[in-house]
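Source file start.cif; content: mmCIF, C-alpha atoms.
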data_data
loop_
_atom_site.group_PDB
_atom_site.id
_atom_site.type_symbol
_atom_site.label_atom_id
_atom_site.label_comp_id
_atom_site.auth_asym_id
_atom_site.auth_seq_id
_atom_site.Cartn_x
_atom_site.Cartn_y
_atom_site.Cartn_z
ATOM 1 C CA MET A 1 0.000 0.000 0.000
ATOM 2 C CA ALA A 2 1.381 3.415 -0.918
ATOM 3 C CA SER A 3 2.148 5.733 1.974
ATOM 4 C CA SER A 4 -0.104 8.742 2.487
ATOM 5 C CA TYR A 5 2.963 10.740 3.546
ATOM 6 C CA PRO A 6 5.313 12.622 1.182
ATOM 7 C CA LYS A 7 8.545 10.666 0.695
ATOM 8 C CA GLY A 8 10.617 12.474 3.344
ATOM 9 C CA LEU A 9 7.837 12.392 5.905
ATOM 10 C CA ALA A 10 7.121 8.752 5.093
ATOM 11 C CA THR A 11 10.729 7.874 5.929
ATOM 12 C CA ARG A 12 10.507 9.834 9.165
ATOM 13 C CA GLN A 13 7.266 8.069 10.078
ATOM 14 C CA ARG A 14 8.784 4.632 9.363
ATOM 15 C CA LEU A 15 11.630 5.440 11.732
ATOM 16 C CA ILE A 16 9.203 6.496 14.480
ATOM 17 C CA ASP A 17 6.958 3.460 13.934
ATOM 18 C CA SER A 18 9.972 1.131 14.074
ATOM 19 C CA MET A 19 11.349 2.774 17.218
ATOM 20 C CA LEU A 20 7.967 2.485 18.919
ATOM 21 C CA ALA A 21 7.537 -1.186 18.012
ATOM 22 C CA LEU A 22 11.038 -2.054 19.219
ATOM 23 C CA ILE A 23 10.673 -0.113 22.487
ATOM 24 C CA GLN A 24 7.505 -2.103 23.200
ATOM 25 C CA LEU A 25 9.461 -5.320 22.843
ATOM 26 C CA HIS A 26 12.934 -4.447 24.139
ATOM 27 C CA GLY A 27 12.696 -1.201 26.106
ATOM 28 C CA TYR A 28 14.518 2.002 25.306
ATOM 29 C CA HIS A 29 18.030 0.903 26.224
ATOM 30 C CA GLY A 30 17.509 -2.449 24.531
ATOM 31 C CA THR A 31 16.685 -0.767 21.227
ATOM 32 C CA GLY A 32 19.679 0.106 19.054
ATOM 33 C CA LEU A 33 19.591 2.566 16.172
ATOM 34 C CA ASN A 34 20.955 -0.019 13.744
ATOM 35 C CA THR A 35 18.002 -2.262 14.597
ATOM 36 C CA VAL A 36 15.619 0.646 14.044
ATOM 37 C CA LEU A 37 17.210 1.320 10.645
ATOM 38 C CA ALA A 38 17.014 -2.345 9.670
ATOM 39 C CA ARG A 39 13.343 -2.587 10.641
ATOM 40 C CA SER A 40 12.384 0.674 8.941
ATOM 41 C CA GLY A 41 14.407 0.122 5.767
ATOM 42 C CA ALA A 42 15.552 3.740 5.991
ATOM 43 C CA PRO A 43 19.088 4.775 4.989
ATOM 44 C CA LYS A 44 21.359 5.706 7.886
ATOM 45 C CA GLY A 45 21.746 9.295 6.751
ATOM 46 C CA SER A 46 18.014 9.841 6.935
ATOM 47 C CA LEU A 47 17.954 9.095 10.667
ATOM 48 C CA TYR A 48 20.180 12.026 11.565
ATOM 49 C CA PHE A 49 18.540 14.191 8.908
ATOM 50 C CA HIS A 50 15.147 13.773 10.547
ATOM 51 C CA PHE A 51 16.454 13.391 14.116
ATOM 52 C CA PRO A 52 19.647 15.464 14.479
ATOM 53 C CA GLU A 53 19.803 14.722 18.223
ATOM 54 C CA GLY A 54 19.797 10.990 17.545
ATOM 55 C CA LYS A 55 18.220 8.346 19.720
ATOM 56 C CA THR A 56 16.775 10.674 22.359
ATOM 57 C CA GLU A 57 14.896 12.733 19.784
ATOM 58 C CA LEU A 58 13.645 9.596 18.038
ATOM 59 C CA GLY A 59 12.596 8.145 21.396
ATOM 60 C CA ILE A 60 10.637 11.291 22.233
ATOM 61 C CA ALA A 61 8.836 11.051 18.881
ATOM 62 C CA ALA A 62 8.014 7.380 19.539
ATOM 63 C CA VAL A 63 6.661 8.184 23.008
ATOM 64 C CA GLY A 64 4.547 10.936 21.463
ATOM 65 C CA LEU A 65 3.161 8.518 18.893
ATOM 66 C CA ALA A 66 2.289 5.991 21.599
ATOM 67 C CA GLY A 67 0.569 8.762 23.519
ATOM 68 C CA ASP A 68 -1.466 9.787 20.486
ATOM 69 C CA GLN A 69 -2.477 6.185 19.749
ATOM 70 C CA PHE A 70 -3.748 5.499 23.268
ATOM 71 C CA ALA A 71 -5.442 8.898 23.479
ATOM 72 C CA GLU A 72 -7.210 8.040 20.228
ATOM 73 C CA LEU A 73 -8.270 4.720 21.734
ATOM 74 C CA ILE A 74 -9.669 6.495 24.807
ATOM 75 C CA GLY A 75 -11.445 9.024 22.604
ATOM 76 C CA SER A 76 -12.954 6.340 20.401
ATOM 77 C CA ALA A 77 -14.156 4.269 23.360
ATOM 78 C CA THR A 78 -15.688 7.216 25.196
ATOM 79 C CA THR A 79 -17.539 8.529 22.142
ATOM 80 C CA THR A 80 -18.855 5.217 20.775
ATOM 81 C CA ALA A 81 -19.445 3.023 23.844
ATOM 82 C CA SER A 82 -22.991 2.978 25.177
ATOM 83 C CA SER A 83 -22.109 3.028 28.886
ATOM 84 C CA PRO A 84 -19.162 3.517 31.266
ATOM 85 C CA ASN A 85 -18.804 -0.263 31.578
ATOM 86 C CA ALA A 86 -18.675 -0.553 27.804
ATOM 87 C CA VAL A 87 -15.893 2.064 27.740
ATOM 88 C CA VAL A 88 -13.839 -0.047 30.143
ATOM 89 C CA ASP A 89 -14.566 -3.231 28.196
ATOM 90 C CA ALA A 90 -13.511 -1.616 24.903
ATOM 91 C CA LEU A 91 -10.227 -0.322 26.324
ATOM 92 C CA VAL A 92 -9.356 -3.561 28.084
ATOM 93 C CA ALA A 93 -10.214 -5.666 25.021
ATOM 94 C CA GLU A 94 -7.816 -3.575 22.924
ATOM 95 C CA LEU A 95 -5.024 -3.902 25.475
ATOM 96 C CA LYS A 96 -5.593 -7.652 25.789
ATOM 97 C CA GLY A 97 -5.331 -7.942 22.023
ATOM 98 C CA ILE A 98 -1.935 -6.193 22.045
ATOM 99 C CA LEU A 99 -0.626 -8.435 24.828
ATOM 100 C CA GLU A 100 -1.879 -11.689 23.337
ATOM 101 C CA ALA A 101 -0.779 -10.884 19.783
ATOM 102 C CA SER A 102 2.772 -10.289 21.016
ATOM 103 C CA ASP A 103 2.803 -13.296 23.373
ATOM 104 C CA TYR A 104 2.972 -10.823 26.270
ATOM 105 C CA GLN A 105 6.173 -9.222 24.998
ATOM 106 C CA ALA A 106 4.683 -5.860 24.003
ATOM 107 C CA GLY A 107 3.753 -3.620 26.876
ATOM 108 C CA CYS A 108 3.146 0.087 27.187
ATOM 109 C CA PRO A 109 6.100 1.844 25.519
ATOM 110 C CA VAL A 110 5.600 4.949 27.643
ATOM 111 C CA SER A 111 6.039 3.058 30.912
ATOM 112 C CA SER A 112 8.967 1.170 29.360
ATOM 113 C CA VAL A 113 10.749 4.419 28.542
ATOM 114 C CA ALA A 114 9.855 6.033 31.879
ATOM 115 C CA LEU A 115 11.259 3.070 33.830
ATOM 116 C CA ASP A 116 14.186 2.370 31.509
ATOM 117 C CA ALA A 117 15.527 5.825 30.737
ATOM 118 C CA GLY A 118 13.452 8.437 32.534
ATOM 119 C CA SER A 119 15.756 8.771 35.534
ATOM 120 C CA GLY A 120 18.821 9.535 33.423
ATOM 121 C CA ASN A 121 17.365 11.399 30.472
ATOM 122 C CA GLU A 122 15.398 14.511 31.340
ATOM 123 C CA PRO A 123 13.915 15.132 27.844
ATOM 124 C CA LEU A 124 12.574 11.571 27.748
ATOM 125 C CA ARG A 125 11.197 11.860 31.285
ATOM 126 C CA GLU A 126 9.408 15.065 30.339
ATOM 127 C CA ALA A 127 7.989 13.444 27.185
ATOM 128 C CA CYS A 128 6.592 10.551 29.231
ATOM 129 C CA GLY A 129 5.132 12.964 31.785
ATOM 130 C CA GLN A 130 3.398 14.947 29.051
ATOM 131 C CA VAL A 131 1.846 11.794 27.609
ATOM 132 C CA TYR A 132 0.541 10.696 31.005
ATOM 133 C CA ASP A 133 -0.866 14.186 31.587
ATOM 134 C CA ALA A 134 -2.664 14.002 28.234
ATOM 135 C CA TRP A 135 -4.157 10.600 29.084
ATOM 136 C CA VAL A 136 -5.337 11.829 32.477
ATOM 137 C CA SER A 137 -6.857 14.910 30.821
ATOM 138 C CA ALA A 138 -8.726 12.709 28.356
ATOM 139 C CA VAL A 139 -10.211 10.676 31.208
ATOM 140 C CA VAL A 140 -11.021 13.864 33.154
ATOM 141 C CA SER A 141 -12.942 15.132 30.122
ATOM 142 C CA TYR A 142 -14.925 11.893 30.006
ATOM 143 C CA LEU A 143 -15.683 12.011 33.737
ATOM 144 C CA ALA A 144 -16.895 15.584 33.279
ATOM 145 C CA THR A 145 -19.717 14.189 31.135
ATOM 146 C CA PHE A 146 -21.046 12.642 34.366
ATOM 147 C CA GLY A 147 -21.124 16.111 35.904
ATOM 148 C CA LEU A 148 -17.930 15.700 37.941
ATOM 149 C CA GLU A 149 -15.893 18.845 38.574
ATOM 150 C CA LYS A 150 -12.275 18.867 37.383
ATOM 151 C CA GLU A 151 -10.813 18.952 40.896
ATOM 152 C CA GLN A 152 -12.850 15.843 41.753
ATOM 153 C CA ALA A 153 -12.129 14.093 38.469
ATOM 154 C CA GLN A 154 -8.351 14.649 38.415
ATOM 155 C CA PRO A 155 -7.352 12.192 41.188
ATOM 156 C CA VAL A 156 -9.862 9.621 39.951
ATOM 157 C CA ALA A 157 -8.523 9.847 36.395
ATOM 158 C CA THR A 158 -4.936 9.583 37.634
ATOM 159 C CA SER A 159 -5.848 6.467 39.630
ATOM 160 C CA MET A 160 -7.502 4.944 36.563
ATOM 161 C CA ILE A 161 -4.392 5.438 34.430
ATOM 162 C CA CYS A 162 -2.284 3.952 37.247
ATOM 163 C CA LEU A 163 -4.570 0.908 37.342
ATOM 164 C CA VAL A 164 -4.235 0.336 33.608
ATOM 165 C CA GLU A 165 -0.462 0.815 33.527
ATOM 166 C CA GLY A 166 0.117 -1.375 36.568
ATOM 167 C CA SER A 167 -2.120 -4.149 35.283
ATOM 168 C CA LEU A 168 -0.250 -4.188 31.962
ATOM 169 C CA ILE A 169 3.037 -4.741 33.791
ATOM 170 C CA LEU A 170 1.563 -7.544 35.916
ATOM 171 C CA SER A 171 -0.066 -9.143 32.876
ATOM 172 C CA ARG A 172 3.287 -9.262 31.097
ATOM 173 C CA ALA A 173 5.018 -10.661 34.189
ATOM 174 C CA HIS A 174 2.427 -13.426 34.612
ATOM 175 C CA LYS A 175 1.705 -13.955 30.897
ATOM 176 C CA SER A 176 -1.959 -13.657 31.764
ATOM 177 C CA THR A 177 -4.735 -11.151 31.169
ATOM 178 C CA GLN A 178 -6.100 -11.785 34.666
ATOM 179 C CA PRO A 179 -4.514 -8.599 36.092
ATOM 180 C CA LEU A 180 -6.202 -6.608 33.316
ATOM 181 C CA ASP A 181 -9.513 -8.273 34.138
ATOM 182 C CA ALA A 182 -9.042 -7.376 37.807
ATOM 183 C CA ALA A 183 -8.243 -3.776 36.863
ATOM 184 C CA ALA A 184 -11.338 -3.672 34.657
ATOM 185 C CA GLY A 185 -13.517 -4.687 37.609
ATOM 186 C CA THR A 186 -12.031 -1.940 39.764
ATOM 187 C CA LEU A 187 -12.369 0.625 36.966
ATOM 188 C CA LYS A 188 -16.065 -0.216 36.662
ATOM 189 C CA MET A 189 -16.530 0.238 40.411
ATOM 190 C CA LEU A 190 -14.802 3.624 40.187
ATOM 191 C CA MET A 191 -17.033 4.617 37.274
ATOM 192 C CA LYS A 192 -20.106 3.629 39.260
ATOM 193 C CA ALA A 193 -18.926 5.578 42.315
ATOM 194 C CA VAL A 194 -18.190 8.630 40.186
ATOM 195 C CA HIS A 195 -21.596 8.459 38.577
ATOM 196 C CA SER A 196 -23.308 8.121 41.961
ATOM 197 C CA GLU A 197 -21.332 11.030 43.433
ATOM 198 C CA ALA A 198 -22.084 13.265 40.486
ATOM 199 C CA SER A 199 -25.774 12.375 40.646
ATOM 200 C CA ALA A 200 -26.064 12.995 44.387
#
File written out as structure tokens:
Amino acid sequence: MASSYPKGLATRQRLIDSMLALIQLHGYHGTGLNTVLARSGAPKGSLYFHFPEGKTELGIAAVGLAGDQFAELIGSATTTASSPNAVVDALVAELKGILEASDYQAGCPVSSVALDAGSGNEPLREACGQVYDAWVSAVVSYLATFGLEKEQAQPVATSMICLVEGSLILSRAHKSTQPLDAAAGTLKMLMKAVHSEASA
């Protein structure tokens, strides 16, 4: 299939896509630029043309792409699902699909980068923080549709993102979707409590 990007942008996008896929499998430090080039099919010169600062800049772009993809998933679930429980089910089903398709090797690339490189690379840490903030904001916006004020919704949304991220790590460790199922049950209880509080 022909790319919808102009040639230069298509090469840049292939590099970002490849970096993201490899981070999911091997972490940030476990992903080498030569492996990214081999996967993307891009010439070596193009990497430093598009990413003059090298691996850090490419990693930030990959984290941003992961953030956009999950934010899109949240947006799709919250606008098409018929109920809060259906929102949770849609999100969890998508995450289960990613885990099972990769034989539990692919986790959340944002948490991988935050744990792997965030303590020693300030630009990467900031990129991960911005993605998490965007995810929390997306959930806050959804909770606002229940009538919850932002100051009430913020800690609930943060807890929900923590539940999802933590359950993904446990699911990979145990090679089981049971932690995700457990998180889904708790998320539904939180949704119900939020709805009840907003309706009171």
Mind running stretch 79-177 of chain A against stretch 31-52 of chain A at 12 Å and telling me each contacting residue's nearest atom pair with the distance in Å (one decimal), counting all atoms listed in the file, chain and number ascending, as a Markdown table?
| residue | atom | partner | partner_atom | distance |
| --- | --- | --- | --- | --- |
| A:Pro109 | CA | A:Thr31 | CA | 11.7 |
| A:Ser112 | CA | A:Thr31 | CA | 11.4 |
| A:Val113 | CA | A:Thr31 | CA | 10.8 |
| A:Asp116 | CA | A:Thr31 | CA | 11.0 |
| A:Ala117 | CA | A:Thr31 | CA | 11.6 |
Write to file, as an mmCIF file, in the frame of the given file, the residues of the selection just made, with C-alpha atoms.
data_model
loop_
_atom_site.group_PDB
_atom_site.id
_atom_site.type_symbol
_atom_site.label_atom_id
_atom_site.label_comp_id
_atom_site.auth_asym_id
_atom_site.auth_seq_id
_atom_site.Cartn_x
_atom_site.Cartn_y
_atom_site.Cartn_z
ATOM 1 C CA PRO A 109 6.100 1.844 25.519
ATOM 2 C CA SER A 112 8.967 1.170 29.360
ATOM 3 C CA VAL A 113 10.749 4.419 28.542
ATOM 4 C CA ASP A 116 14.186 2.370 31.509
ATOM 5 C CA ALA A 117 15.527 5.825 30.737
#
Determine the residue membership of the PyMOL selection byres ((chain A and resi 142-156) around 8) for the file above and supply it as a list in words.
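The output of the PyMOL selection byres ((chain A and resi 142-156) around 8) on this file is Thr78, Val136, Ser137, Ala138, Val139, Val140, Ser141, Ala157, Thr158, Ser159, Met160, Leu190, Val194, His195, Glu197, Ala198 and Ser199 of chain A.
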Would you list the residues near (-0.2, -5.1, 30.2) (no more than 10 Å away, in the coordinates of the file, using only C-alpha atoms) as a tab-separated table (two decimals) with C-alpha atoms, in the coordinates of the input?
chain	number	residue	atom	x	y	z
A	92	VAL	CA	-9.36	-3.56	28.08
A	95	LEU	CA	-5.02	-3.90	25.48
A	96	LYS	CA	-5.59	-7.65	25.79
A	98	ILE	CA	-1.94	-6.19	22.04
A	99	LEU	CA	-0.63	-8.44	24.83
A	100	GLU	CA	-1.88	-11.69	23.34
A	104	TYR	CA	2.97	-10.82	26.27
A	105	GLN	CA	6.17	-9.22	25.00
A	106	ALA	CA	4.68	-5.86	24.00
A	107	GLY	CA	3.75	-3.62	26.88
A	108	CYS	CA	3.15	0.09	27.19
A	164	VAL	CA	-4.24	0.34	33.61
A	165	GLU	CA	-0.46	0.82	33.53
A	166	GLY	CA	0.12	-1.38	36.57
A	167	SER	CA	-2.12	-4.15	35.28
A	168	LEU	CA	-0.25	-4.19	31.96
A	169	ILE	CA	3.04	-4.74	33.79
A	170	LEU	CA	1.56	-7.54	35.92
A	171	SER	CA	-0.07	-9.14	32.88
A	172	ARG	CA	3.29	-9.26	31.10
A	173	ALA	CA	5.02	-10.66	34.19
A	174	HIS	CA	2.43	-13.43	34.61
A	175	LYS	CA	1.70	-13.96	30.90
A	176	SER	CA	-1.96	-13.66	31.76
A	177	THR	CA	-4.74	-11.15	31.17
A	178	GLN	CA	-6.10	-11.78	34.67
A	179	PRO	CA	-4.51	-8.60	36.09
A	180	LEU	CA	-6.20	-6.61	33.32
Just how far from atom CA of A:Trp135 is atom CA of A:Glu72, in Å to one decimal?
9.7 Å
Restricting the calculation to all atoms listed in the file: of A:Gln24, A:Ser102, A:Ser196, A:Thr11, which residue gets closest to A:Val63?
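Residue with the minimum atom-to-atom distance to A:Val63: A:Gln24.
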For this file, the PyMOL selection byres ((chain A and resi 77) around 8) selects which residues, as number ranges by chain?
A: 73-76, 78-81, 86-87, 90-91
So, counting all atoms listed in the file, which residue among A:Ile60, A:Ser18, A:Ala193, A:Gly97 is closest to A:Ala114?
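So, comparing all the options, the nearest one is A:Ile60.
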Using all atoms listed in the file, pick whichever of A:Asn121, A:Thr186, A:Gln130, A:Ser111 has the shortest atom-to-atom distance to A:Gly27.
A:Ser111
